[in-house]
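The file target.txt contains compact mmCIF, C-alpha atoms:
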# COMPACT_ATOMS: atom_id res chain seq x y z
CA MET A 1393 -56.79 29.05 68.86
CA ILE A 1394 -58.43 30.73 65.88
CA ASP A 1395 -55.57 29.58 63.63
CA THR A 1396 -56.20 25.99 64.72
CA VAL A 1397 -59.93 26.25 63.98
CA THR A 1398 -59.19 27.78 60.56
CA THR A 1399 -56.71 25.00 59.75
CA VAL A 1400 -59.15 22.28 60.82
CA THR A 1401 -61.93 23.92 58.79
CA GLU A 1402 -59.71 24.09 55.71
CA LEU A 1403 -58.70 20.47 56.18
CA ASN A 1404 -62.33 19.40 56.52
CA THR A 1405 -63.23 21.36 53.40
CA LEU A 1406 -60.38 19.74 51.48
CA VAL A 1407 -61.46 16.25 52.59
CA ILE A 1408 -65.07 16.94 51.60
CA LEU A 1409 -64.01 18.25 48.18
CA LEU A 1410 -61.77 15.24 47.54
CA GLY A 1411 -64.61 12.96 48.59
CA LEU A 1412 -67.00 14.70 46.19
CA VAL A 1413 -64.52 14.41 43.32
CA ALA A 1414 -64.09 10.69 44.05
CA LEU A 1415 -67.86 10.21 44.15
CA PHE A 1416 -68.31 12.01 40.83
CA VAL A 1417 -65.64 9.86 39.19
CA VAL A 1418 -67.26 6.66 40.49
CA ALA A 1419 -70.72 7.86 39.46
CA PHE A 1420 -69.46 8.68 35.96
CA LYS A 1421 -67.93 5.21 35.58
CA VAL A 1422 -71.14 3.53 36.78
CA LEU A 1423 -73.23 5.66 34.40
CA GLU A 1424 -70.87 4.82 31.53
CA MET A 1425 -71.19 1.08 32.21
CA LEU A 1426 -74.97 1.38 32.55
CA MET A 1427 -75.30 3.20 29.24
CA GLN A 1428 -73.12 0.62 27.49
CA THR A 1429 -75.26 -2.18 28.92
CA VAL A 1430 -78.47 -0.46 27.79
CA LEU A 1431 -76.99 0.03 24.32
CA VAL A 1432 -76.01 -3.65 24.05
CA THR A 1433 -79.47 -4.68 25.29
CA VAL A 1434 -81.22 -2.53 22.67
CA LEU A 1435 -78.92 -3.82 19.93
CA SER A 1436 -79.61 -7.41 20.96
CA GLY A 1437 -83.36 -6.82 20.71
CA ALA A 1438 -82.91 -5.08 17.36
CA PHE A 1439 -80.84 -8.02 16.13
CA TYR A 1440 -83.70 -10.42 16.85
CA PHE A 1441 -86.19 -8.05 15.22
CA ALA A 1442 -84.04 -7.86 12.08
CA LEU A 1443 -83.54 -11.62 12.13
CA ALA A 1444 -87.31 -12.20 12.29
CA TYR A 1445 -87.94 -9.59 9.58
CA LEU A 1446 -85.34 -10.92 7.13
CA MET A 1447 -85.75 -14.67 7.64
CA GLU A 1448 -89.04 -16.41 7.01
CA ALA A 1449 -88.16 -19.37 9.25
CA VAL A 1450 -88.00 -17.14 12.34
CA THR A 1451 -91.35 -15.85 13.58
CA PHE A 1452 -91.46 -12.64 15.56
CA SER A 1453 -92.41 -12.89 19.20
CA LEU A 1454 -92.18 -10.10 21.74
CA ASP A 1455 -91.20 -12.59 24.45
CA THR A 1456 -88.33 -13.91 22.36
CA MET A 1457 -87.17 -10.40 21.50
CA LEU A 1458 -87.10 -9.48 25.20
CA PHE A 1459 -85.24 -12.71 25.90
CA PHE A 1460 -82.61 -11.79 23.28
CA ALA A 1461 -82.31 -8.32 24.81
CA LEU A 1462 -81.97 -9.71 28.35
CA LEU A 1463 -79.47 -12.33 27.21
CA GLY A 1464 -77.35 -9.74 25.38
CA GLY A 1465 -77.31 -7.38 28.35
CA THR A 1466 -76.48 -10.18 30.77
CA LEU A 1467 -73.65 -11.56 28.64
CA TYR A 1468 -72.18 -8.08 28.19
CA THR A 1469 -72.37 -7.38 31.92
CA VAL A 1470 -70.64 -10.68 32.75
CA TYR A 1471 -67.96 -10.02 30.13
CA SER A 1472 -67.39 -6.49 31.43
CA LEU A 1473 -67.18 -7.70 35.03
CA LEU A 1474 -64.70 -10.45 34.15
CA SER A 1475 -62.48 -8.16 32.08
CA LYS A 1476 -62.35 -5.50 34.81
CA SER A 1477 -61.65 -8.18 37.44
CA TYR A 1478 -58.78 -9.49 35.33
CA LYS A 1479 -57.29 -6.01 34.96
CA ILE A 1480 -57.52 -5.36 38.71
CA ALA A 1481 -56.08 -8.78 39.58
CA SER A 1482 -53.15 -8.32 37.19
CA LEU A 1483 -52.38 -4.93 38.76
CA LEU A 1484 -52.62 -6.35 42.27
CA LEU A 1485 -50.28 -9.20 41.37
CA LEU A 1486 -47.61 -6.74 40.24
CA ILE A 1487 -47.29 -5.31 43.75
CA PRO A 1488 -45.98 -8.50 45.46
CA LEU A 1489 -43.72 -9.20 42.47
CA LYS A 1490 -42.14 -5.75 42.78
CA ILE A 1491 -41.70 -6.25 46.53
CA LEU A 1492 -40.04 -9.62 45.92
CA GLY A 1493 -37.74 -8.01 43.35
CA ILE A 1494 -36.70 -5.34 45.84
CA ILE A 1495 -36.06 -7.96 48.53
CA LYS A 1496 -34.00 -10.01 46.07
CA ARG A 1497 -31.93 -6.95 45.14
CA VAL A 1498 -31.33 -6.07 48.80
CA ILE A 1499 -30.25 -9.64 49.62
CA ARG A 1500 -27.94 -9.68 46.59
CA ASN A 1501 -26.37 -6.39 47.73
CA ILE A 1502 -25.87 -7.73 51.26
CA ILE A 1503 -24.25 -10.93 50.00
CA SER A 1504 -21.96 -9.03 47.60
CA SER A 1505 -20.90 -6.62 50.33
CA LYS A 1506 -20.07 -9.53 52.66
CA GLU A 1507 -18.01 -11.17 49.90
CA GLN A 1508 -16.09 -7.93 49.36
CA LYS A 1509 -15.33 -7.67 53.08
CA ASN A 1510 -14.08 -11.28 53.16
CA ASP A 1511 -11.67 -10.62 50.25

Show the structure stored in the file as structure tokens.
Amino acid sequence: MIDTVTTVTELNTLVILLGLVALFVVAFKVLEMLMQTVLVTVLSGAFYFALAYLMEAVTFSLDTMLFFALLGGTLYTVYSLLSKSYKIASLLLLIPLKILGIIKRVIRNIISSKEQKND
């Protein structure tokens, strides 16, 4: 009985540790994407500031600078989401293609073995 309790406790501990590792990996990826988005947003605002400073035709406005920053962050987030979705979709499409290839190979082997028996 004590061996069973010890085994269950070790299994629970292992599951909790694996869950924590998975959470840390996900949290790191989210933090990485957040920091990249913040960096792009700051660079977009700085681009407008430099544009207003260097060109006389563009007047500086805090509202416009915030709009540039928001637009840059939004466009980067959409781009990042679309590129990650494409990568995931391409990986998910490989699975059925591999299964179809295996089925095709099995059918080809069955047909060739029947032909050899008929000869």

Q.
One decimal, in Å: what's the spacing between CA of Tyr1440 (chain A) and CA of Met1427 (chain A)?
A.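 CA of Met1427 (chain A) lies at a distance of 20.2 Å from CA of Tyr1440 (chain A).
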
Q.
To one decimal place in Å, what is the distance between CA of Leu1426 (chain A) and CA of Leu1473 (chain A)?
A.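 So the answer is 12.2 Å.
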
Q) What is the CA of Gly1465 (chain A) to CA of Val1432 (chain A) distance in Å? A)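 Separation of CA of Gly1465 (chain A) and CA of Val1432 (chain A): 5.8 Å.
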
Q: Identify the residues within 12 Å of coordinate (-79.9, -4.3, 20.4) (same frame as the file), considering all atoms listed in the file, and give the answer as a ChimeraX atom specification.
A: /A:1428-1443,1457-1465,1468
